[in-house]
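Dumped work_19.cif below, it's mmCIF, C-alpha atoms and all ligand atoms:
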```cif
data_coords
#
loop_
_atom_site.label_atom_id
_atom_site.label_comp_id
_atom_site.auth_asym_id
_atom_site.auth_seq_id
_atom_site.Cartn_x
_atom_site.Cartn_y
_atom_site.Cartn_z
CA MET F 1 47.71 112.31 35.04
CA ASP F 2 51.20 111.42 36.21
CA THR F 3 50.55 109.50 39.40
CA THR F 4 54.00 108.11 40.06
CA PHE F 5 55.46 110.98 42.05
CA GLU F 6 53.27 110.52 45.10
CA ALA F 7 54.50 106.98 45.62
CA THR F 8 58.13 108.03 45.88
CA LEU F 9 59.82 108.24 49.23
CA THR F 10 61.90 111.20 48.06
CA LEU F 11 60.48 114.30 49.71
CA PRO F 12 63.26 116.85 50.20
CA ASN F 13 60.79 119.62 51.10
CA ILE F 14 59.27 118.09 54.24
CA PRO F 15 59.52 120.11 57.46
CA TRP F 16 62.76 119.67 59.37
CA GLN F 17 64.74 120.88 62.35
CA ASP F 18 68.03 119.37 63.44
CA ARG F 19 68.19 117.49 66.70
CA PRO F 20 68.73 120.04 69.51
CA ALA F 21 72.24 119.96 70.97
CA GLY F 22 72.43 117.67 73.97
CA ASN F 23 69.16 115.88 73.11
CA ASN F 24 69.62 112.11 72.85
CA ALA F 25 65.96 111.15 72.53
CA PRO F 26 64.96 109.14 69.42
CA ILE F 27 62.59 111.90 68.31
CA TRP F 28 62.37 115.58 69.18
CA ARG F 29 59.62 118.21 69.04
CA TYR F 30 59.39 121.12 66.60
CA SER F 31 60.40 124.23 68.54
CA HIS F 32 57.42 126.24 67.20
CA ASN F 33 54.75 123.72 68.20
CA PRO F 34 51.83 123.68 67.97
CA ILE F 35 51.73 124.20 64.20
CA ILE F 36 47.93 124.38 64.07
CA PRO F 37 46.11 126.26 66.83
CA ARG F 38 42.65 125.18 67.91
CA ASN F 39 41.00 128.20 66.27
CA LEU F 40 42.67 128.25 62.83
CA ILE F 41 39.21 128.21 61.20
CA PRO F 42 36.17 130.04 62.59
CA SER F 43 34.03 126.93 63.09
CA ALA F 44 36.62 124.99 65.10
CA ASN F 45 36.71 124.23 68.78
CA SER F 46 39.89 122.19 68.23
CA ILE F 47 42.04 120.75 65.38
CA PHE F 48 44.11 117.66 66.15
CA ASN F 49 44.75 113.96 65.28
CA SER F 50 45.11 114.80 61.58
CA ALA F 51 46.74 113.39 58.45
CA VAL F 52 48.99 115.04 55.86
CA VAL F 53 50.44 113.75 52.57
CA PRO F 54 52.60 115.05 49.71
CA PHE F 55 50.40 116.43 46.93
CA ASN F 56 51.42 118.02 43.60
CA GLY F 57 54.86 118.96 44.92
CA LYS F 58 53.28 120.55 48.00
CA PHE F 59 51.09 119.08 50.71
CA ALA F 60 47.46 118.30 51.41
CA GLY F 61 45.68 116.80 54.36
CA VAL F 62 42.53 115.70 56.09
CA PHE F 63 42.11 117.28 59.50
CA ARG F 64 40.02 116.38 62.49
CA CYS F 65 38.09 119.47 63.49
CA ASP F 66 35.65 119.38 66.36
CA ASN F 67 33.26 122.27 65.88
CA LYS F 68 31.68 124.55 68.43
CA LYS F 69 28.68 122.24 68.63
CA ARG F 70 31.34 119.66 69.56
CA GLU F 71 30.60 117.57 66.48
CA MET F 72 33.64 115.61 65.28
CA ASN F 73 34.28 115.86 61.53
CA VAL F 74 37.05 115.91 58.91
CA HIS F 75 38.12 118.96 56.87
CA ARG F 76 40.38 119.39 53.85
CA GLY F 77 43.62 121.42 54.01
CA PHE F 78 46.52 122.51 51.81
CA SER F 79 50.03 123.74 52.57
CA ASP F 80 53.17 124.78 50.69
CA ASP F 81 55.52 123.76 53.49
CA ALA F 82 53.48 121.24 55.57
CA ILE F 83 53.75 123.62 58.55
CA ASN F 84 51.48 126.55 57.66
CA TRP F 85 48.07 125.19 56.69
CA GLN F 86 44.94 126.55 55.02
CA LEU F 87 41.89 124.56 56.07
CA ASP F 88 38.34 124.69 54.73
CA ASP F 89 35.92 125.98 57.31
CA ASP F 90 33.31 123.46 56.13
CA PRO F 91 33.79 119.72 56.52
CA ILE F 92 34.47 117.45 53.54
CA GLU F 93 31.28 116.55 51.67
CA TRP F 94 31.52 112.85 50.91
CA ARG F 95 29.77 111.40 47.87
CA PHE F 96 27.86 108.26 48.82
CA ALA F 97 26.90 105.61 46.26
CA ASP F 98 24.60 104.05 48.88
CA PRO F 99 22.39 106.63 50.64
CA GLU F 100 22.05 104.23 53.59
CA LEU F 101 25.59 105.20 54.55
CA ALA F 102 25.19 108.95 54.19
CA GLY F 103 23.99 109.64 57.73
CA PHE F 104 26.31 111.55 60.02
CA GLU F 105 27.18 110.43 63.55
CA HIS F 106 30.83 111.40 63.72
CA ARG F 107 34.01 111.28 61.64
CA TYR F 108 37.34 111.54 63.42
CA ASP F 109 41.03 110.61 63.62
CA PRO F 110 41.66 110.43 59.82
CA ARG F 111 44.62 108.75 58.17
CA VAL F 112 45.49 109.33 54.50
CA THR F 113 47.41 106.75 52.45
CA TRP F 114 48.62 106.94 48.85
CA LEU F 115 47.80 103.51 47.48
CA GLU F 116 48.27 102.58 43.82
CA ASP F 117 46.45 105.42 42.08
CA ARG F 118 44.71 107.57 44.67
CA TYR F 119 44.62 108.80 48.22
CA TYR F 120 42.56 106.64 50.56
CA VAL F 121 41.19 108.17 53.73
CA THR F 122 40.33 105.98 56.70
CA TRP F 123 38.75 107.32 59.85
CA CYS F 124 36.63 106.43 62.83
CA ASN F 125 33.16 106.63 61.29
CA GLY F 126 29.90 106.53 63.20
CA TYR F 127 27.48 103.93 61.82
CA HIS F 128 25.43 102.85 64.83
CA GLY F 129 28.65 103.19 66.79
CA PRO F 130 32.26 103.74 65.79
CA THR F 131 33.72 101.69 62.94
CA ILE F 132 36.30 102.32 60.19
CA GLY F 133 35.07 104.32 57.21
CA ILE F 134 37.08 104.14 53.98
CA GLY F 135 36.89 106.77 51.26
CA TYR F 136 39.14 108.07 48.54
CA THR F 137 40.07 111.13 46.52
CA HIS F 138 42.19 111.58 43.43
CA ASP F 139 42.50 115.32 43.63
CA PHE F 140 41.41 116.60 47.05
CA GLU F 141 38.41 118.13 45.25
CA SER F 142 35.87 115.31 45.20
CA PHE F 143 35.79 112.75 47.99
CA HIS F 144 34.06 109.38 47.56
CA PHE F 145 32.89 107.19 50.40
CA LEU F 146 33.61 103.52 49.76
CA GLU F 147 32.33 101.46 52.70
CA ASN F 148 32.55 100.81 56.38
CA ALA F 149 35.23 98.14 56.66
CA TYR F 150 34.06 96.40 59.80
CA LEU F 151 31.08 95.93 62.06
CA PRO F 152 31.09 98.36 64.99
CA PHE F 153 32.95 98.81 67.25
CA ASN F 154 36.37 99.61 65.89
CA ARG F 155 38.87 102.48 65.80
CA ASN F 156 42.31 103.36 64.40
CA GLY F 157 41.99 101.81 60.94
CA VAL F 158 45.33 102.28 59.14
CA LEU F 159 46.03 101.02 55.60
CA PHE F 160 49.39 99.72 54.43
CA PRO F 161 50.62 101.75 51.43
CA ARG F 162 50.79 98.78 49.03
CA ARG F 163 49.26 95.35 48.58
CA ILE F 164 51.10 92.58 50.40
CA ASN F 165 50.97 89.14 48.77
CA GLY F 166 48.33 90.50 46.41
CA LYS F 167 45.94 91.77 49.07
CA TYR F 168 45.13 95.09 50.67
CA VAL F 169 46.02 95.13 54.35
CA MET F 170 44.68 97.25 57.19
CA LEU F 171 45.45 97.52 60.89
CA SER F 172 42.63 98.23 63.31
CA ARG F 173 41.69 98.19 66.96
CA PRO F 174 38.40 96.47 67.87
CA SER F 175 36.82 98.50 70.67
CA ASP F 176 33.57 99.41 72.41
CA ASN F 177 31.03 102.19 72.18
CA GLY F 178 32.61 104.32 74.92
CA HIS F 179 36.07 105.43 76.00
CA THR F 180 37.39 101.91 75.50
CA PRO F 181 39.37 100.61 78.51
CA PHE F 182 41.06 97.85 76.45
CA GLY F 183 42.46 97.34 72.98
CA ASP F 184 44.97 95.37 70.91
CA ILE F 185 46.06 95.86 67.29
CA TYR F 186 44.75 93.43 64.65
CA LEU F 187 45.30 93.19 60.90
CA SER F 188 42.82 92.29 58.14
CA HIS F 189 43.10 91.48 54.44
CA SER F 190 40.92 92.45 51.51
CA PRO F 191 40.87 91.73 47.77
CA ASP F 192 39.06 95.00 47.00
CA LEU F 193 39.11 97.37 50.03
CA VAL F 194 35.40 96.57 50.60
CA TYR F 195 35.31 93.02 52.00
CA TRP F 196 37.71 92.41 54.88
CA GLY F 197 38.74 89.07 56.40
CA GLU F 198 41.70 86.82 57.21
CA HIS F 199 42.07 88.67 60.50
CA ARG F 200 45.34 88.32 62.36
CA TYR F 201 46.43 89.39 65.84
CA VAL F 202 49.40 91.77 65.69
CA MET F 203 50.14 92.86 69.25
CA GLY F 204 48.52 93.68 72.56
CA VAL F 205 48.98 95.78 75.64
CA LYS F 206 52.19 95.67 77.69
CA GLY F 207 53.35 97.36 80.83
CA GLY F 208 53.65 101.03 81.65
CA TRP F 209 52.77 103.59 78.97
CA GLN F 210 51.05 100.94 76.82
CA SER F 211 49.23 99.00 79.55
CA THR F 212 45.58 99.96 78.89
CA LYS F 213 45.25 99.95 75.08
CA ILE F 214 47.27 100.49 71.92
CA GLY F 215 46.37 101.59 68.38
CA ALA F 216 48.12 102.08 65.03
CA GLY F 217 49.17 105.63 64.20
CA PRO F 218 50.51 106.82 60.83
CA THR F 219 50.54 104.73 57.64
CA PRO F 220 53.34 102.16 58.12
CA ILE F 221 56.62 103.04 56.37
CA GLU F 222 58.46 100.34 54.43
CA THR F 223 62.12 100.00 55.40
CA PRO F 224 64.70 97.27 54.75
CA GLU F 225 64.28 96.28 58.43
CA GLY F 226 60.50 95.85 58.24
CA TRP F 227 57.41 98.06 58.30
CA LEU F 228 57.96 100.90 60.74
CA LEU F 229 54.73 101.26 62.70
CA ILE F 230 54.37 104.25 64.99
CA TYR F 231 51.56 103.50 67.43
CA HIS F 232 49.92 105.08 70.44
CA GLY F 233 49.79 103.46 73.84
CA VAL F 234 47.60 104.37 76.77
CA LEU F 235 48.03 104.01 80.50
CA THR F 236 45.40 104.66 83.14
CA SER F 237 46.59 107.00 85.86
CA CYS F 238 44.68 108.16 88.94
CA ASN F 239 43.72 111.13 86.76
CA GLY F 240 42.55 109.26 83.63
CA PHE F 241 44.07 108.05 80.36
CA VAL F 242 47.58 109.15 79.26
CA TYR F 243 48.35 108.79 75.51
CA SER F 244 52.01 108.39 74.46
CA PHE F 245 53.53 106.86 71.36
CA GLY F 246 56.15 104.28 70.49
CA ALA F 247 57.19 102.26 67.44
CA ALA F 248 57.42 98.68 66.20
CA LEU F 249 58.96 96.91 63.21
CA LEU F 250 56.65 94.43 61.47
CA ASP F 251 57.67 91.64 59.10
CA LEU F 252 57.56 92.84 55.49
CA ASP F 253 55.72 89.79 54.09
CA GLN F 254 53.69 88.77 57.14
CA PRO F 255 53.08 92.12 58.83
CA TRP F 256 51.14 90.64 61.75
CA LYS F 257 54.49 89.32 62.97
CA VAL F 258 56.18 91.82 65.28
CA LEU F 259 59.97 91.84 64.98
CA TYR F 260 60.74 94.62 67.48
CA ARG F 261 58.74 96.94 69.68
CA THR F 262 59.86 99.76 71.92
CA ALA F 263 59.58 99.14 75.66
CA PRO F 264 60.10 102.87 76.42
CA TYR F 265 57.84 105.39 74.70
CA LEU F 266 59.21 107.63 71.95
CA LEU F 267 57.24 110.64 73.13
CA SER F 268 54.88 111.14 76.06
CA PRO F 269 52.77 114.20 76.93
CA GLN F 270 55.10 116.59 78.70
CA THR F 271 54.70 120.03 77.16
CA LEU F 272 51.92 122.49 77.91
CA TYR F 273 50.18 121.82 74.57
CA GLU F 274 50.20 118.07 75.21
CA CYS F 275 49.18 118.28 78.86
CA VAL F 276 46.64 121.12 78.84
CA GLY F 277 43.60 121.21 76.58
CA ASP F 278 40.21 119.60 76.15
CA VAL F 279 41.61 116.18 77.05
CA PRO F 280 44.82 116.56 79.07
CA ASN F 281 47.86 114.33 78.56
CA VAL F 282 47.39 113.18 74.96
CA ALA F 283 50.02 112.84 72.22
CA PHE F 284 48.23 111.04 69.36
CA PRO F 285 50.10 110.48 66.03
CA CYS F 286 48.12 110.07 62.77
CA ALA F 287 50.63 110.87 59.99
CA ALA F 288 54.32 110.94 59.07
CA LEU F 289 56.26 112.33 56.10
CA TYR F 290 59.47 110.53 55.19
CA ASP F 291 62.34 111.56 52.91
CA GLU F 292 64.24 108.35 52.33
CA PRO F 293 67.50 109.81 50.89
CA SER F 294 68.09 112.02 53.94
CA GLY F 295 66.37 109.69 56.44
CA ARG F 296 64.30 112.60 57.71
CA LEU F 297 60.98 111.79 59.33
CA ALA F 298 58.32 114.33 60.35
CA ILE F 299 55.59 112.97 62.62
CA TYR F 300 52.23 114.77 63.02
CA TYR F 301 50.35 114.30 66.25
CA GLY F 302 47.46 115.79 68.16
CA GLY F 303 48.17 117.57 71.46
CA ALA F 304 45.63 117.24 74.29
CA ASP F 305 42.79 116.73 71.76
CA THR F 306 43.13 120.45 71.01
CA VAL F 307 46.03 121.35 68.65
CA THR F 308 48.29 119.76 66.03
CA ALA F 309 52.02 119.34 66.65
CA LEU F 310 55.10 118.07 64.86
CA ALA F 311 58.11 115.96 65.89
CA PHE F 312 61.20 114.87 63.98
CA GLY F 313 63.46 111.85 63.83
CA GLN F 314 66.19 110.25 61.71
CA MET F 315 65.09 106.89 60.33
CA ASN F 316 68.35 105.01 60.95
CA ASP F 317 68.60 106.27 64.52
CA LEU F 318 64.95 105.43 65.12
CA ILE F 319 65.32 101.89 63.78
CA ASP F 320 68.43 101.39 65.93
CA TYR F 321 66.49 102.66 68.92
CA VAL F 322 63.52 100.36 68.28
CA LYS F 323 65.82 97.35 67.89
CA SER F 324 67.97 98.05 70.93
CA ASN F 325 65.08 98.99 73.24
CA SER F 326 62.72 96.22 72.17
CA GLN F 327 60.54 93.99 74.28
CA ILE F 328 58.01 91.95 72.33
C1 LIG X 1 40.46 108.29 71.69
C2 LIG X 1 40.08 109.04 70.44
C3 LIG X 1 41.15 110.02 70.11
C4 LIG X 1 41.51 110.87 71.29
C5 LIG X 1 41.77 110.04 72.50
C6 LIG X 1 41.99 110.86 73.74
O1 LIG X 1 39.44 107.40 72.06
O2 LIG X 1 38.87 109.72 70.64
O3 LIG X 1 40.65 110.87 69.11
O4 LIG X 1 42.68 111.63 71.01
O5 LIG X 1 40.68 109.19 72.73
O6 LIG X 1 40.83 111.57 74.09
#
```
Render the structure in this file as structure tokens.
Amino acid sequence: MDTTFEATLTLPNIPWQDRPAGNNAPIWRYSHNPIIPRNLIPSANSIFNSAVVPFNGKFAGVFRCDNKKREMNVHRGFSDDAINWQLDDDPIEWRFADPELAGFEHRYDPRVTWLEDRYYVTWCNGYHGPTIGIGYTHDFESFHFLENAYLPFNRNGVLFPRRINGKYVMLSRPSDNGHTPFGDIYLSHSPDLVYWGEHRYVMGVKGGWQSTKIGAGPTPIETPEGWLLIYHGVLTSCNGFVYSFGAALLDLDQPWKVLYRTAPYLLSPQTLYECVGDVPNVAFPCAALYDEPSGRLAIYYGGADTVTALAFGQMNDLIDYVKSNSQI
């Protein structure tokens, strides 16, 4: 199998819309959002916080679908254009080498990362509380569960797309067993994607939109200026949590070192599909597609824990914005 094409950052067929006239924001929304309605498949109550990747010249993904029992699980999907998706009505059936790990509590907020020779999926996996499950697929046909990376409680496990100094690297957000009212981003190393250690603090909460907790979003993107990390930040209003997202640049060789970090958010919940739904006021990014030659970036995010939406940006403009609006 030729496995080199997935690693390339040349993706001329990703979704795109030009910046609307008069819009000076660093990123802008797709005008036909949401791209995935809550009821795309019969079993779904809602489809959001999901991950897409290039696959065989088209696109594939792992989607968070909460069903009508309100169980949280992950489903497979395919698309020709990364906008119109076909999703399986049944959740992914993971193959478990160790039956101890095969129990189901919940699986949610997946990320998918092409790493060396396969697609790794990380998600918030219930094993006596939320932790980070890691699995992989070569073909989006069979899916293999590897291990839970950490002890509970943890969320937002996001792999870097290559080894750094010989080791696999993952961001995560230690948390609690509820709707965590705190949370900073940490980084861990592994020789084999099973045993994780050498934990490093990356960054913590700040003022305003990121004052309650923060968590890594899409797989970091390697740029000459550092790893571009899009991350969510939460503030607590008189009406509950508000989820926005911003971006940081991390050192290429020591990615726990933050070079720049946006003081303003990039996008906050302002449209109907971000403000109205099962959990109001949530914009939660889990994936991005990047075409390096054109600089085009397409960011996938969940709206109000109900639907899936898309936003666009130009990499050079975004990096300039992160650098000139930074407060570490
Ligand atoms: C977090 C996760 C996300 C969700 C967010 C807002 O704890 O459950 O999946 O989008 O809360 O409800």
Test item: residues at most 9 Å from stretch 90-105 of chain F, all atoms listed in the file, excluding those fewer than 3 positions along its chain, as a list in words: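 Contacts, in chain order: Ser43, Val62, Cys65, Glu71, Met72, Asn73, Val74, His75, Arg76, Leu87, Asn125, Gly126, Tyr127, His128, Gly129, Pro130, Gly135, Ser142, Phe143, His144, Phe145, Leu146, Glu147 and Asn148 of chain F.
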Nearest to ligand LIG 1 (chain X) by atom-to-atom distance, counting all atoms listed in the file, from F:Asp192, F:Asp88, F:Asp80, F:Asp66: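 Between F:Asp192, F:Asp88, F:Asp80, F:Asp66, the residue approaching ligand LIG 1 (chain X) most closely is F:Asp66.
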One-decimal distance in Å that lies between atom CA of F:Ser188 and atom CA of F:Val169: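 So the two atoms, atom CA of F:Val169 and atom CA of F:Ser188, lie 5.7 Å apart.
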Selected residue, from F:Phe182, F:Tyr120, F:Trp114, F:Phe55, that lies nearest to ligand LIG 1 (chain X) when counting all atoms listed in the file: F:Phe182
Distance criterion (all atoms listed in the file): nearest to ligand LIG 1 (chain X) out of F:Leu318, F:Leu267, F:Ile41, F:Ala216: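 The closest residue to ligand LIG 1 (chain X) is F:Ala216.
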Shell of 10 Å around F:Gln17, only C-alpha atoms, local chain residues under 4 positions omitted, as a PyMOL selection string: chain F and resi 28-31+296+298+311-313
Nearest to F:Tyr265 by atom-to-atom distance, counting only C-alpha atoms, from F:Leu40, F:Val234, F:Val307, F:Val121: F:Val234
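With a cut-off of 7 Å and using all atoms listed in the file, the polymer residues contacting ligand LIG 1 (chain X) are Asn49, Tyr108, Asp109, His179, Thr180, Tyr243, Val279, Val282, Phe284, Gly302 and Asp305 of chain F.
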Residue list as a PyMOL selection string for point (51.7, 123.2, 53.1), cut-off 12 Å, only C-alpha atoms: chain F and resi 13-15+35-36+52-61+76-87
Atomic separation - atom CA of F:Asp89 relative to atom CA of F:Leu272, Å: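 Answer for the atom CA of F:Leu272 to atom CA of F:Asp89 separation: 26.3 Å.
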Nearest residue to F:Leu228 from the set F:Pro280, F:Pro255, F:Pro20, F:Pro191 (distances using all atoms listed in the file):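 Nearest candidate to F:Leu228 out of F:Pro280, F:Pro255, F:Pro20, F:Pro191: F:Pro255.
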Point-to-point distance in Å for atom CA of F:Tyr301 and atom CA of F:Lys68: 21.4 Å
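Using all atoms listed in the file, the nearest neighbour of F:Ile164 within the list F:Met315, F:Leu193, F:Leu252, F:Val202 is F:Leu252.
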